[in-house]
Amino acid sequence: MERGKVLSLQSHVVSGFVGNKCASFALQTLGIDIDTINTVQFSNHTGYATFKGQALAPELMKSVYEALVENNLTFSTSHVLTGYINNPAVLSVILHIVKDLRTRNPNLVYACDPAMGDNGKLYPSITEEMISAYKTQLLPEVTYLFPNQTECQFLTDIPLQTLDNAFEAIDKLHVTYGIKNIVLTSFEEDSQSSDESYLFVLGSQYNKENQNADRFKIRLKKIDAYFTGTGDLFSSLLVGYAITEGSTAKLSNIALKAVSVLQAILKSPHNQNRPMVNNKSQELNLVPCGDLIRNPPEGVQEFTLESWVTSLCV
């Protein structure tokens with residue numbers, strides 16, 4: 001079966017797994033062709049004491065894309081995946097690329113991980129101008145959106161303290177921007193009654209014609225470790241399984257598979273007792289985990305899935 005090709009516009013590091021390094025490994029392991037435009041080229045991720053490299057200037061990014069088009073190398077591009085963007089000019093180039101590809105393939109799928117912050121705070125490089133550009137330019141073009149709790153709050157201006165708040169924010173993204181598929185990649189309730197050893201992955205698949213949303217929540221136990229690149233890997237797995245499962249697959253099943261694989265990778269012996277970077281995080285060790293991506297684990301897992309359909313009031 002022809003699976004098309006993914007164009008991924010993300011950061012690149014020589015050593016380690018973040019951004020396009022995660023996307024390339026995950027998607028190629030699943031047998032999916034991927035082209036990458038590296039928004040930055042760094043020695044390693046920025047959590048180290050030292051990193052060196054440079055960002056790709058927006059005009060060069062556009063030039064690289066134009067050369068692909070001129071050489072007819074985008075004829076099979078079916079998906080675009082983007083991650084961390086810290087420059088409004090880069091965001092404008094990405095918007096141009098998505099719109100241009102859609103003139104060639106109206107069914108192009110755009111998957112966006114709006115990597116802007118975490119733990120209630122924006123990253124230092126993310127400005128109000130960037131948030132506004134996401135809302136007014138990128139979000140109306142998105143097919144799959146993968147925000148975390150913090151990013152969802154800033155994109156919707158809704159404080160996410162309860163599950164009801166979270167689904168209210170997801171519904172707002174559906175209705176305001178027409179986004180069909182949304183996965184809230186991590187959510188913790190701000191409640192005295194909540195169990196702090198668990199978190200949720202929440203999602204919703206929107207049918208604009210009948211105004212219904214197929215919602216789900218996955219409850220999973222936290223892992224007592226912090227790895228850099230897990231968000232990039234999770235987004236890549238979601239895109240990968242969306243492709244391999246086919247266009248009729250339920251988003252809840254795609255998310256469950258991605259969660260299962262990500263948990264298995266983090267718990268695998270290959271990722272136990274990894275060296276700490278500046279006493280903050282560990283590097284992912286992905287290469288030995290290819291079989292887990294190809295053959296997701298089955299059997300008893302430490303998480304539960306609930307799904308239901310609801311009608312949105314527009």
# chains A, B, ... in the order shown; residues from 1 in each chain; ligands from 1
call {"tool": "residues_around", "arguments": {"residues": "Arg102 (chain A)", "least_positions_apart": "6", "cutoff": "10 Å", "atoms": "only C-alpha atoms", "output": "PDB file with all heavy atoms, in the first residue's frame"}}
result
ATOM      1  N   THR A  77       4.369  13.822  -1.327  1.00  0.00           N
ATOM      2  CA  THR A  77       4.252  14.303   0.055  1.00  0.00           C
ATOM      3  C   THR A  77       2.790  14.299   0.479  1.00  0.00           C
ATOM      4  O   THR A  77       1.952  14.982  -0.118  1.00  0.00           O
ATOM      5  CB  THR A  77       4.835  15.714   0.207  1.00  0.00           C
ATOM      6  OG1 THR A  77       6.220  15.698  -0.189  1.00  0.00           O
ATOM      7  CG2 THR A  77       4.733  16.190   1.649  1.00  0.00           C
ATOM      8  N   SER A  78       2.495  13.527   1.515  1.00  0.00           N
ATOM      9  CA  SER A  78       1.107  13.379   1.984  1.00  0.00           C
ATOM     10  C   SER A  78       0.886  14.006   3.354  1.00  0.00           C
ATOM     11  O   SER A  78      -0.258  14.276   3.733  1.00  0.00           O
ATOM     12  CB  SER A  78       0.745  11.894   2.058  1.00  0.00           C
ATOM     13  OG  SER A  78       1.647  11.198   2.904  1.00  0.00           O
ATOM     14  N   HIS A  96       3.378  28.951   4.329  1.00  0.00           N
ATOM     15  CA  HIS A  96       3.509  28.965   2.866  1.00  0.00           C
ATOM     16  C   HIS A  96       3.680  27.548   2.323  1.00  0.00           C
ATOM     17  O   HIS A  96       3.047  27.175   1.316  1.00  0.00           O
ATOM     18  CB  HIS A  96       4.706  29.826   2.459  1.00  0.00           C
ATOM     19  CG  HIS A  96       5.157  29.617   1.042  1.00  0.00           C
ATOM     20  ND1 HIS A  96       4.478  30.143  -0.042  1.00  0.00           N
ATOM     21  CD2 HIS A  96       6.207  28.906   0.542  1.00  0.00           C
ATOM     22  CE1 HIS A  96       5.091  29.771  -1.155  1.00  0.00           C
ATOM     23  NE2 HIS A  96       6.136  29.034  -0.835  1.00  0.00           N
ATOM     24  N   LEU A 108      -3.665  16.857   1.745  1.00  0.00           N
ATOM     25  CA  LEU A 108      -2.464  16.898   2.591  1.00  0.00           C
ATOM     26  C   LEU A 108      -2.850  16.992   4.063  1.00  0.00           C
ATOM     27  O   LEU A 108      -3.723  17.771   4.449  1.00  0.00           O
ATOM     28  CB  LEU A 108      -1.610  18.110   2.222  1.00  0.00           C
ATOM     29  CG  LEU A 108      -0.327  18.251   3.060  1.00  0.00           C
ATOM     30  CD1 LEU A 108       0.829  17.517   2.398  1.00  0.00           C
ATOM     31  CD2 LEU A 108       0.028  19.723   3.265  1.00  0.00           C
ATOM     32  N   VAL A 109      -2.194  16.204   4.887  1.00  0.00           N
ATOM     33  CA  VAL A 109      -2.414  16.192   6.334  1.00  0.00           C
ATOM     34  C   VAL A 109      -1.307  17.001   7.000  1.00  0.00           C
ATOM     35  O   VAL A 109      -0.122  16.752   6.758  1.00  0.00           O
ATOM     36  CB  VAL A 109      -2.420  14.754   6.881  1.00  0.00           C
ATOM     37  CG1 VAL A 109      -2.448  14.752   8.408  1.00  0.00           C
ATOM     38  CG2 VAL A 109      -3.609  13.980   6.317  1.00  0.00           C
ATOM     39  N   TYR A 110      -1.699  17.965   7.832  1.00  0.00           N
ATOM     40  CA  TYR A 110      -0.723  18.758   8.574  1.00  0.00           C
ATOM     41  C   TYR A 110      -0.836  18.444  10.060  1.00  0.00           C
ATOM     42  O   TYR A 110      -1.864  18.703  10.689  1.00  0.00           O
ATOM     43  CB  TYR A 110      -0.940  20.252   8.326  1.00  0.00           C
ATOM     44  CG  TYR A 110      -0.044  21.155   9.164  1.00  0.00           C
ATOM     45  CD1 TYR A 110       1.218  20.738   9.597  1.00  0.00           C
ATOM     46  CD2 TYR A 110      -0.451  22.437   9.528  1.00  0.00           C
ATOM     47  CE1 TYR A 110       2.029  21.555  10.362  1.00  0.00           C
ATOM     48  CE2 TYR A 110       0.356  23.266  10.289  1.00  0.00           C
ATOM     49  CZ  TYR A 110       1.594  22.814  10.709  1.00  0.00           C
ATOM     50  OH  TYR A 110       2.398  23.620  11.481  1.00  0.00           O
ATOM     51  N   GLU A 141      -5.037  25.679   9.524  1.00  0.00           N
ATOM     52  CA  GLU A 141      -4.531  24.742   8.520  1.00  0.00           C
ATOM     53  C   GLU A 141      -4.272  23.345   9.084  1.00  0.00           C
ATOM     54  O   GLU A 141      -3.967  22.419   8.337  1.00  0.00           O
ATOM     55  CB  GLU A 141      -3.220  25.277   7.920  1.00  0.00           C
ATOM     56  CG  GLU A 141      -3.316  26.658   7.306  1.00  0.00           C
ATOM     57  CD  GLU A 141      -4.271  26.702   6.130  1.00  0.00           C
ATOM     58  OE1 GLU A 141      -4.399  25.686   5.416  1.00  0.00           O
ATOM     59  OE2 GLU A 141      -4.906  27.761   5.925  1.00  0.00           O
TER      60      GLU A 141
END
call {"tool": "select_by_dssp", "arguments": {"residues": "region 151-306 of chain A", "states": "strand (DSSP E or B)", "output": "ChimeraX atom specification"}}
result
/A:181-187,198-207,212-221,227-228,276-277,281-283,303-306
call {"tool": "residues_around", "arguments": {"residues": "region 213-225 of chain A", "least_positions_apart": "4", "cutoff": "7 Å", "atoms": "only C-alpha atoms", "output": "ChimeraX atom specification"}}
result
/A:197-207,252,302-312
call {"tool": "closest_residue", "arguments": {"among": "A:Ser260, A:Asn295, A:Thr82, A:Gln41", "to": "Ala23 (chain A)", "atoms": "only C-alpha atoms"}}
result
A:Thr82
call {"tool": "residues_around", "arguments": {"residues": "Asp35 (chain A)", "least_positions_apart": "6", "cutoff": "8 Å", "atoms": "only C-alpha atoms", "output": "list in words"}}
result
Lys5, Val6, Leu7 and Ser8 of chain A
call {"tool": "select_by_dssp", "arguments": {"residues": "region 125-307 of chain A", "states": "helix (DSSP H, G or I)", "output": "ChimeraX atom specification"}}
result
/A:128-141,149-156,163-177,230-245,251-267,269-271,287-294
call {"tool": "atom_distance", "arguments": {"atom1": "CA of Val277 (chain A)", "atom2": "CA of Leu184 (chain A)"}}
result
27.0 Å
call {"tool": "closest_residue", "arguments": {"among": "A:Leu233, A:Ala133, A:Ile265, A:Leu286", "to": "Val18 (chain A)", "atoms": "only C-alpha atoms"}}
result
A:Leu233
call {"tool": "closest_residue", "arguments": {"among": "A:Ile170, A:Val261, A:Val14, A:Ala249", "to": "Leu237 (chain A)", "atoms": "only C-alpha atoms"}}
result
A:Val261
call {"tool": "residues_around", "arguments": {"residues": "Val90 (chain A)", "least_positions_apart": "4", "cutoff": "8 Å", "atoms": "only C-alpha atoms", "output": "number ranges by chain"}}
result
A: 57-58, 61, 85-86, 94
call {"tool": "write_last_selection", "arguments": {"atoms": "C-alpha atoms", "output": "compact mmCIF listing (two decimals), in the first residue's frame"}}
result
# COMPACT_ATOMS: atom_id res chain seq x y z
CA ALA A 57 17.37 31.40 8.09
CA PRO A 58 13.71 31.60 6.96
CA MET A 61 14.25 27.29 4.46
CA ILE A 85 9.23 27.09 16.20
CA ASN A 86 10.64 30.21 17.87
CA ILE A 94 5.80 26.83 7.20
call {"tool": "atom_distance", "arguments": {"atom1": "CA of Glu151 (chain A)", "atom2": "CA of Lys172 (chain A)"}}
result
13.8 Å
call {"tool": "atom_distance", "arguments": {"atom1": "CA of Leu284 (chain A)", "atom2": "CA of Leu91 (chain A)"}}
result
27.5 Å
call {"tool": "residues_around", "arguments": {"residues": "Val142 (chain A)", "least_positions_apart": "6", "cutoff": "12 Å", "atoms": "only C-alpha atoms", "output": "PyMOL selection string"}}
result
chain A and resi 79-82+94-95+98-99+102+107-114+134-136+173-174+176-182
